[in-house]
>>> print(open('final.csv').read())   # CSV, C-alpha atoms
chain,number,residue,atom,x,y,z
A,25,MET,CA,-149.5,66.7,25.4
A,26,GLU,CA,-146.7,68.7,26.9
A,27,LYS,CA,-147.0,69.2,30.7
A,28,THR,CA,-146.1,72.7,31.9
A,29,ALA,CA,-145.8,74.5,35.2
A,30,GLN,CA,-148.6,76.8,34.2
A,31,GLY,CA,-150.8,73.8,33.5
A,32,LEU,CA,-150.0,72.3,36.9
A,33,ILE,CA,-151.0,75.6,38.5
A,34,GLU,CA,-154.3,75.8,36.7
A,35,TYR,CA,-155.1,72.1,37.5
A,36,ALA,CA,-154.3,72.6,41.2
A,37,LYS,CA,-156.4,75.8,41.4
A,38,ALA,CA,-159.4,74.0,39.7
A,39,GLN,CA,-159.4,71.4,42.5
A,40,LEU,CA,-159.8,73.8,45.4
A,41,GLY,CA,-162.5,72.8,47.8
A,42,ARG,CA,-162.5,69.2,46.6
A,43,PRO,CA,-162.0,66.3,49.1
A,44,TYR,CA,-158.7,64.7,50.2
A,45,TRP,CA,-158.7,60.9,49.8
A,46,TYR,CA,-155.4,59.1,50.6
A,47,GLY,CA,-153.9,57.2,47.7
A,48,THR,CA,-156.0,58.9,45.0
A,49,PHE,CA,-154.9,61.0,42.0
A,50,GLY,CA,-157.9,62.6,40.4
A,51,GLN,CA,-160.4,59.8,40.1
A,52,ALA,CA,-164.1,60.5,40.7
A,53,ALA,CA,-165.1,59.6,44.3
A,54,SER,CA,-167.4,56.6,44.5
A,55,LYS,CA,-168.3,53.8,46.9
A,56,ALA,CA,-166.2,51.4,44.9
A,57,LEU,CA,-163.2,53.6,45.0
A,58,TYR,CA,-163.7,54.1,48.8
A,59,ASP,CA,-163.9,50.4,49.4
A,60,GLN,CA,-160.8,49.8,47.3
A,61,LYS,CA,-158.7,52.4,49.1
A,62,LYS,CA,-160.0,51.4,52.5
A,63,ASN,CA,-158.8,47.9,51.8
A,64,GLN,CA,-155.4,49.2,50.8
A,65,TYR,CA,-155.0,51.8,53.5
A,66,PRO,CA,-157.4,50.9,56.4
A,67,ARG,CA,-155.8,53.4,58.8
A,68,GLN,CA,-156.4,56.3,56.4
A,69,TYR,CA,-160.1,55.4,55.9
A,70,GLU,CA,-161.4,55.2,59.5
A,71,TRP,CA,-164.4,57.3,58.3
A,72,GLU,CA,-167.6,56.3,56.4
A,73,TYR,CA,-168.2,57.0,52.7
A,74,ASP,CA,-170.4,60.2,52.5
A,75,GLY,CA,-171.7,59.9,49.0
A,76,ALA,CA,-169.1,62.2,47.5
A,77,THR,CA,-168.7,62.1,43.7
A,78,ALA,CA,-166.1,64.9,43.2
A,79,LYS,CA,-162.5,64.4,41.9
A,80,VAL,CA,-160.3,63.3,44.8
A,81,HIS,CA,-156.6,63.5,45.5
A,82,ASP,CA,-154.0,63.1,48.1
A,83,CYS,CA,-151.0,65.5,48.3
A,84,VAL,CA,-148.8,64.0,45.6
A,85,GLY,CA,-151.9,62.8,43.8
A,86,LEU,CA,-152.7,66.5,43.0
A,87,ILE,CA,-149.6,66.5,40.9
A,88,LYS,CA,-150.2,63.0,39.4
A,89,GLY,CA,-153.8,64.0,38.5
A,90,TYR,CA,-152.4,66.7,36.3
A,91,LEU,CA,-149.6,64.6,34.8
A,92,TRP,CA,-151.9,61.6,34.0
A,93,GLY,CA,-155.1,63.4,33.0
A,94,ASP,CA,-156.2,65.4,29.9
A,95,ASP,CA,-157.7,68.4,31.7
A,96,PRO,CA,-158.7,69.6,35.2
A,97,GLN,CA,-162.1,67.9,35.0
A,98,ASP,CA,-160.9,64.5,33.7
A,99,THR,CA,-161.8,61.8,36.1
A,100,ASN,CA,-160.0,59.0,34.2
A,101,PRO,CA,-156.3,59.6,34.7
A,102,VAL,CA,-154.1,57.1,33.0
A,103,TYR,CA,-151.6,55.5,35.5
A,104,ASN,CA,-147.9,56.0,34.8
A,105,ALA,CA,-145.7,53.8,36.9
A,106,ALA,CA,-142.6,55.8,36.0
A,107,GLN,CA,-144.1,58.9,37.6
A,108,ASP,CA,-145.7,57.1,40.5
A,109,LYS,CA,-143.8,58.8,43.3
A,110,SER,CA,-144.6,59.4,47.0
A,111,ALA,CA,-144.1,62.9,48.2
A,112,ASN,CA,-140.6,62.1,49.5
A,113,ALA,CA,-139.7,60.2,46.3
A,114,MET,CA,-140.9,63.2,44.2
A,115,TYR,CA,-138.5,65.4,46.1
A,116,THR,CA,-135.7,62.9,45.4
A,117,ALA,CA,-136.6,63.0,41.7
A,118,CYS,CA,-136.4,66.8,41.5
A,119,LYS,CA,-133.1,67.7,39.8
A,120,THR,CA,-133.1,71.3,40.9
A,121,LYS,CA,-134.0,71.7,44.6
A,122,GLY,CA,-132.9,73.1,47.9
A,123,GLU,CA,-133.8,74.6,51.3
A,124,MET,CA,-136.6,77.1,51.5
A,125,SER,CA,-134.1,80.0,52.0
A,126,THR,CA,-132.9,79.4,48.4
A,127,MET,CA,-136.3,79.0,46.7
A,128,PRO,CA,-136.7,81.2,43.6
A,129,ASP,CA,-140.0,82.9,43.0
A,130,VAL,CA,-141.0,80.6,40.1
A,131,PRO,CA,-144.7,79.6,40.0
A,132,GLY,CA,-145.2,75.8,39.6
A,133,ILE,CA,-142.3,74.9,41.9
A,134,LEU,CA,-143.1,72.1,44.4
A,135,VAL,CA,-142.7,72.7,48.1
A,136,PHE,CA,-142.2,69.9,50.6
A,137,LEU,CA,-142.5,68.8,54.2
A,138,PRO,CA,-141.5,65.3,55.2
A,139,GLY,CA,-144.2,63.1,53.6
A,140,HIS,CA,-146.1,66.0,52.1
A,141,VAL,CA,-146.0,68.2,49.0
A,142,GLY,CA,-147.8,71.3,47.7
A,143,VAL,CA,-147.8,73.4,44.5
A,144,TYR,CA,-146.5,77.0,44.7
A,145,ILE,CA,-148.9,79.0,42.5
A,146,GLY,CA,-147.1,82.4,42.8
A,147,ASP,CA,-147.9,85.6,44.7
A,148,GLY,CA,-146.8,83.9,47.9
A,149,GLU,CA,-149.6,81.2,47.8
A,150,VAL,CA,-149.6,77.4,47.7
A,151,VAL,CA,-152.3,74.9,46.8
A,152,GLU,CA,-152.1,71.6,48.6
A,153,ALA,CA,-154.2,68.5,49.1
A,154,ARG,CA,-153.7,68.9,52.8
A,155,SER,CA,-155.7,66.4,54.8
A,156,ARG,CA,-159.2,64.8,55.1
A,157,ARG,CA,-160.1,67.8,57.3
A,158,TYR,CA,-159.0,70.5,54.9
A,159,GLY,CA,-159.3,68.9,51.4
A,160,VAL,CA,-157.6,70.8,48.6
A,161,TYR,CA,-156.7,74.0,50.2
A,162,LYS,CA,-154.9,77.3,49.5
A,163,THR,CA,-152.5,78.7,52.0
A,164,LYS,CA,-149.8,81.4,52.3
A,165,LEU,CA,-146.3,80.1,51.6
A,166,ALA,CA,-145.0,81.8,54.7
A,167,GLU,CA,-147.7,80.4,57.0
A,168,ARG,CA,-146.7,76.8,56.6
A,169,PRO,CA,-143.4,75.2,57.8
A,170,TRP,CA,-142.2,74.1,54.3
A,171,LYS,CA,-138.7,72.7,54.5
A,172,THR,CA,-137.6,72.3,50.9
A,173,TRP,CA,-138.5,73.1,47.3
A,174,GLY,CA,-137.9,71.5,43.9
A,175,TYR,CA,-138.7,71.8,40.2
A,176,CYS,CA,-141.1,69.0,39.3
A,177,PRO,CA,-139.1,66.8,36.9
A,178,TYR,CA,-142.1,66.0,34.7
A,179,VAL,CA,-143.2,69.5,33.7
A,180,THR,CA,-141.6,72.4,31.7
A,181,TYR,CA,-140.9,75.6,33.5
A,182,GLU,CA,-141.6,78.4,31.0
A,183,ILE,CA,-140.2,81.1,33.3
A,184,ALA,CA,-136.9,79.4,33.7
A,185,GLN,CA,-136.6,79.1,29.9
A,186,LYS,CA,-137.5,82.8,29.5
A,187,MET,CA,-134.7,83.6,32.0
A,188,LEU,CA,-132.3,81.8,29.8
A,189,ASP,CA,-133.6,83.4,26.7
A,190,MET,CA,-133.0,86.8,28.2
A,191,LYS,CA,-129.3,86.1,27.5
A,192,LEU,CA,-128.1,85.8,31.1
A,193,PRO,CA,-124.5,87.2,31.3
A,194,VAL,CA,-121.4,85.0,31.6
A,195,LEU,CA,-120.4,85.5,35.2
A,196,LYS,CA,-116.8,85.4,36.3
A,197,LYS,CA,-114.8,86.2,39.4
A,198,GLY,CA,-115.2,89.9,40.2
A,199,ALA,CA,-118.8,90.2,39.0
A,200,LYS,CA,-121.3,91.7,41.3
A,201,GLY,CA,-125.1,92.2,41.4
A,202,GLU,CA,-128.5,90.4,41.6
A,203,THR,CA,-127.6,88.0,38.8
A,204,VAL,CA,-124.6,86.8,40.8
A,205,LYS,CA,-126.8,86.5,43.9
A,206,ALA,CA,-129.3,84.4,41.9
A,207,MET,CA,-126.5,82.1,40.8
A,208,GLN,CA,-125.2,81.8,44.4
A,209,LEU,CA,-128.7,80.9,45.7
A,210,LEU,CA,-129.0,78.1,43.1
A,211,LEU,CA,-125.6,76.8,44.0
A,212,ILE,CA,-126.5,76.7,47.7
A,213,GLY,CA,-129.8,75.0,46.8
A,214,TYR,CA,-127.8,72.2,45.1
A,215,GLY,CA,-125.6,71.8,48.1
A,216,PHE,CA,-122.6,73.9,47.0
A,217,PRO,CA,-122.4,76.7,49.5
A,218,MET,CA,-119.8,79.6,49.5
A,219,GLU,CA,-117.5,78.6,52.4
A,220,GLY,CA,-117.7,81.4,55.0
A,221,TYR,CA,-120.0,83.5,52.8
A,222,GLY,CA,-123.7,83.5,51.9
A,223,ALA,CA,-125.4,84.7,48.7
A,224,ASP,CA,-124.0,88.2,48.9
A,225,GLY,CA,-124.0,89.1,45.2
A,226,SER,CA,-120.2,89.3,45.0
A,227,PHE,CA,-118.4,86.7,42.9
A,228,GLY,CA,-115.2,86.1,44.9
A,229,GLY,CA,-113.0,83.1,45.5
A,230,ALA,CA,-115.5,81.2,47.6
A,231,THR,CA,-118.1,81.5,44.9
A,232,GLN,CA,-115.6,80.4,42.2
A,233,ARG,CA,-114.7,77.3,44.3
A,234,ALA,CA,-118.3,76.4,44.8
A,235,LEU,CA,-119.1,76.9,41.1
A,236,LYS,CA,-116.1,74.8,40.0
A,237,ALA,CA,-117.2,72.0,42.4
A,238,TYR,CA,-120.8,72.2,41.0
A,239,GLN,CA,-119.5,72.1,37.4
A,240,GLN,CA,-117.3,69.1,38.2
A,241,ALA,CA,-120.2,67.2,39.8
A,242,MET,CA,-122.5,68.0,36.8
A,243,GLY,CA,-120.0,66.9,34.2
A,244,LEU,CA,-119.3,70.4,33.0
A,245,GLU,CA,-116.0,72.0,32.3
A,246,PRO,CA,-114.9,73.3,35.7
A,247,ASP,CA,-113.7,76.7,34.5
A,248,GLY,CA,-115.2,78.7,37.3
A,249,SER,CA,-117.3,80.9,35.1
A,250,CYS,CA,-121.1,80.7,34.6
A,251,GLY,CA,-122.0,80.6,31.0
A,252,ARG,CA,-125.0,79.2,29.0
A,253,LYS,CA,-124.3,75.5,29.7
A,254,THR,CA,-123.9,76.1,33.4
A,255,TRP,CA,-127.0,78.3,33.5
A,256,GLU,CA,-129.0,75.6,31.8
A,257,LYS,CA,-128.0,73.1,34.5
A,258,LEU,CA,-128.7,75.6,37.3
A,259,LEU,CA,-132.1,76.4,36.0
A,260,GLY,CA,-133.0,72.7,35.5
A,261,LEU,CA,-133.3,73.0,31.7
A,262,ASN,CA,-130.7,70.4,30.9
>>> encode(input="final.csv", output="structure tokens")
Amino acid sequence: MEKTAQGLIEYAKAQLGRPYWYGTFGQAASKALYDQKKNQYPRQYEWEYDGATAKVHDCVGLIKGYLWGDDPQDTNPVYNAAQDKSANAMYTACKTKGEMSTMPDVPGILVFLPGHVGVYIGDGEVVEARSRRYGVYKTKLAERPWKTWGYCPYVTYEIAQKMLDMKLPVLKKGAKGETVKAMQLLLIGYGFPMEGYGADGSFGGATQRALKAYQQAMGLEPDGSCGRKTWEKLLGLN
């Protein structure tokens, strides 16, 4: 089954109000699971089992629960070692990522703090398996000190594909406008800033140099223009 950004959002929203258990990824809570996890992570289980039977997750387990299960109610996720990442390792695995100032408004993007991850669901909101105190909780993106964002490497982002299908223009030196600004923000997110300039919507020499450096690093022809192949890389579609 193809895993999509929209599917991740629906899964995360379906878990709202459910408990946070460290080291879990969508299993049904039970005394046996509690004992197993307490043995693995004694410092995280300095509380007594309360009889809970709901699905349980930790922060990155909210993502794994979607990737490894069949639907939001499935309590038998199938472990996948290749996708078993900590929150920090999940950020490392993201191919398209950056600082929060460069985050595009794409639902399903992951947002990160050191050692923690949430799912951006759109409209300025995030669902996160936050802590034992909060459980799976919905917050405003702007109210939490998120540091970085990234496209989850294991799901398909329909909006990014739609953007490409809209026949984004070939951008060259001299171009201006919001599409140039979007390209600049993505370049900055990848670590290729415009020296001396920000994302100002003007394709000048600094933008061309940053774009060429990005293309060189990605194995693309470093011609300094943003065509389909470069857009595909920038949008995380290739």
>>> closest_residue(input="final.csv", among="A:Ser125, A:Gln39, A:Thr172, A:Gln239", to="A:Asn112", atoms="all atoms listed in the file")
A:Thr172
>>> residues_near_point(input="final.csv", point="(-122.7, 87.9, 28.7)", cutoff="7 Å", atoms="all atoms listed in the file", output="number ranges by chain")
A: 191-194
>>> residues_near_point(input="final.csv", point="(-151.1, 76.6, 47.1)", cutoff="12 Å", atoms="all atoms listed in the file", output="PDB file with C-alpha atoms, keeping the file's coordinate frame")
ATOM      1  CA  LEU A  32    -150.000  72.300  36.900  1.00  0.00           C
ATOM      2  CA  ILE A  33    -151.000  75.600  38.500  1.00  0.00           C
ATOM      3  CA  GLU A  34    -154.300  75.800  36.700  1.00  0.00           C
ATOM      4  CA  TYR A  35    -155.100  72.100  37.500  1.00  0.00           C
ATOM      5  CA  ALA A  36    -154.300  72.600  41.200  1.00  0.00           C
ATOM      6  CA  LYS A  37    -156.400  75.800  41.400  1.00  0.00           C
ATOM      7  CA  ALA A  38    -159.400  74.000  39.700  1.00  0.00           C
ATOM      8  CA  GLN A  39    -159.400  71.400  42.500  1.00  0.00           C
ATOM      9  CA  LEU A  40    -159.800  73.800  45.400  1.00  0.00           C
ATOM     10  CA  CYS A  83    -151.000  65.500  48.300  1.00  0.00           C
ATOM     11  CA  LEU A  86    -152.700  66.500  43.000  1.00  0.00           C
ATOM     12  CA  ILE A  87    -149.600  66.500  40.900  1.00  0.00           C
ATOM     13  CA  PRO A 131    -144.700  79.600  40.000  1.00  0.00           C
ATOM     14  CA  GLY A 132    -145.200  75.800  39.600  1.00  0.00           C
ATOM     15  CA  ILE A 133    -142.300  74.900  41.900  1.00  0.00           C
ATOM     16  CA  LEU A 134    -143.100  72.100  44.400  1.00  0.00           C
ATOM     17  CA  VAL A 135    -142.700  72.700  48.100  1.00  0.00           C
ATOM     18  CA  PHE A 136    -142.200  69.900  50.600  1.00  0.00           C
ATOM     19  CA  VAL A 141    -146.000  68.200  49.000  1.00  0.00           C
ATOM     20  CA  GLY A 142    -147.800  71.300  47.700  1.00  0.00           C
ATOM     21  CA  VAL A 143    -147.800  73.400  44.500  1.00  0.00           C
ATOM     22  CA  TYR A 144    -146.500  77.000  44.700  1.00  0.00           C
ATOM     23  CA  ILE A 145    -148.900  79.000  42.500  1.00  0.00           C
ATOM     24  CA  GLY A 146    -147.100  82.400  42.800  1.00  0.00           C
ATOM     25  CA  ASP A 147    -147.900  85.600  44.700  1.00  0.00           C
ATOM     26  CA  GLY A 148    -146.800  83.900  47.900  1.00  0.00           C
ATOM     27  CA  GLU A 149    -149.600  81.200  47.800  1.00  0.00           C
ATOM     28  CA  VAL A 150    -149.600  77.400  47.700  1.00  0.00           C
ATOM     29  CA  VAL A 151    -152.300  74.900  46.800  1.00  0.00           C
ATOM     30  CA  GLU A 152    -152.100  71.600  48.600  1.00  0.00           C
ATOM     31  CA  ALA A 153    -154.200  68.500  49.100  1.00  0.00           C
ATOM     32  CA  ARG A 154    -153.700  68.900  52.800  1.00  0.00           C
ATOM     33  CA  VAL A 160    -157.600  70.800  48.600  1.00  0.00           C
ATOM     34  CA  TYR A 161    -156.700  74.000  50.200  1.00  0.00           C
ATOM     35  CA  LYS A 162    -154.900  77.300  49.500  1.00  0.00           C
ATOM     36  CA  THR A 163    -152.500  78.700  52.000  1.00  0.00           C
ATOM     37  CA  LYS A 164    -149.800  81.400  52.300  1.00  0.00           C
ATOM     38  CA  LEU A 165    -146.300  80.100  51.600  1.00  0.00           C
ATOM     39  CA  ALA A 166    -145.000  81.800  54.700  1.00  0.00           C
ATOM     40  CA  GLU A 167    -147.700  80.400  57.000  1.00  0.00           C
ATOM     41  CA  ARG A 168    -146.700  76.800  56.600  1.00  0.00           C
ATOM     42  CA  TRP A 170    -142.200  74.100  54.300  1.00  0.00           C
TER      43      TRP A 170
END
>>> atom_distance(input="final.csv", atom1="atom CA of A:Ser226", atom2="atom CA of A:Tyr175")
25.9 Å
>>> closest_residue(input="final.csv", among="A:Tyr178, A:Asp224, A:Gly47, A:Lys197", to="A:Lys236", atoms="all atoms listed in the file")
A:Lys197
>>> closest_residue(input="final.csv", among="A:Gly229, A:Pro177, A:Gln64, A:Ala56", to="A:Lys119", atoms="all atoms listed in the file")
A:Pro177
>>> closest_residue(input="final.csv", among="A:Asp59, A:Glu123, A:Glu72, A:Glu26", to="A:Leu91", atoms="only C-alpha atoms")
A:Glu26
>>> residues_around(input="final.csv", residues="A:Ala78", least_positions_apart="3", cutoff="12 Å", atoms="all atoms listed in the file", output="number ranges by chain")
A: 38-45, 48-55, 57, 74-75, 81, 96-99, 159-160
>>> atom_distance(input="final.csv", atom1="atom CA of A:Ala237", atom2="atom CA of A:Cys176")
24.3 Å
>>> atom_distance(input="final.csv", atom1="atom CA of A:Gln30", atom2="atom CA of A:Glu182")
7.9 Å
>>> closest_residue(input="final.csv", among="A:Gly213, A:Pro101, A:Gly85, A:Gly248", to="A:Gln232", atoms="only C-alpha atoms")
A:Gly248
>>> residues_around(input="final.csv", residues="A:Ala234", least_positions_apart="5", cutoff="10 Å", atoms="only C-alpha atoms", output="list in words")
Gln208, Leu211, Ile212, Gly215, Phe216, Pro217, Met218, Glu219, Gly229, Gln239, Gln240 and Gly248 of chain A
>>> write_last_selection(input="final.csv", atoms="C-alpha atoms", output="short mmCIF file (atom, residue, chain, number, x, y, z; two decimals), in the frame of the given file")
data_model
loop_
_atom_site.label_atom_id
_atom_site.label_comp_id
_atom_site.auth_asym_id
_atom_site.auth_seq_id
_atom_site.Cartn_x
_atom_site.Cartn_y
_atom_site.Cartn_z
CA GLN A 208 -125.20 81.80 44.40
CA LEU A 211 -125.60 76.80 44.00
CA ILE A 212 -126.50 76.70 47.70
CA GLY A 215 -125.60 71.80 48.10
CA PHE A 216 -122.60 73.90 47.00
CA PRO A 217 -122.40 76.70 49.50
CA MET A 218 -119.80 79.60 49.50
CA GLU A 219 -117.50 78.60 52.40
CA GLY A 229 -113.00 83.10 45.50
CA GLN A 239 -119.50 72.10 37.40
CA GLN A 240 -117.30 69.10 38.20
CA GLY A 248 -115.20 78.70 37.30
#
>>> closest_residue(input="final.csv", among="A:Ala76, A:Ala106, A:Leu209, A:Ala117", to="A:Asp129", atoms="only C-alpha atoms")
A:Leu209
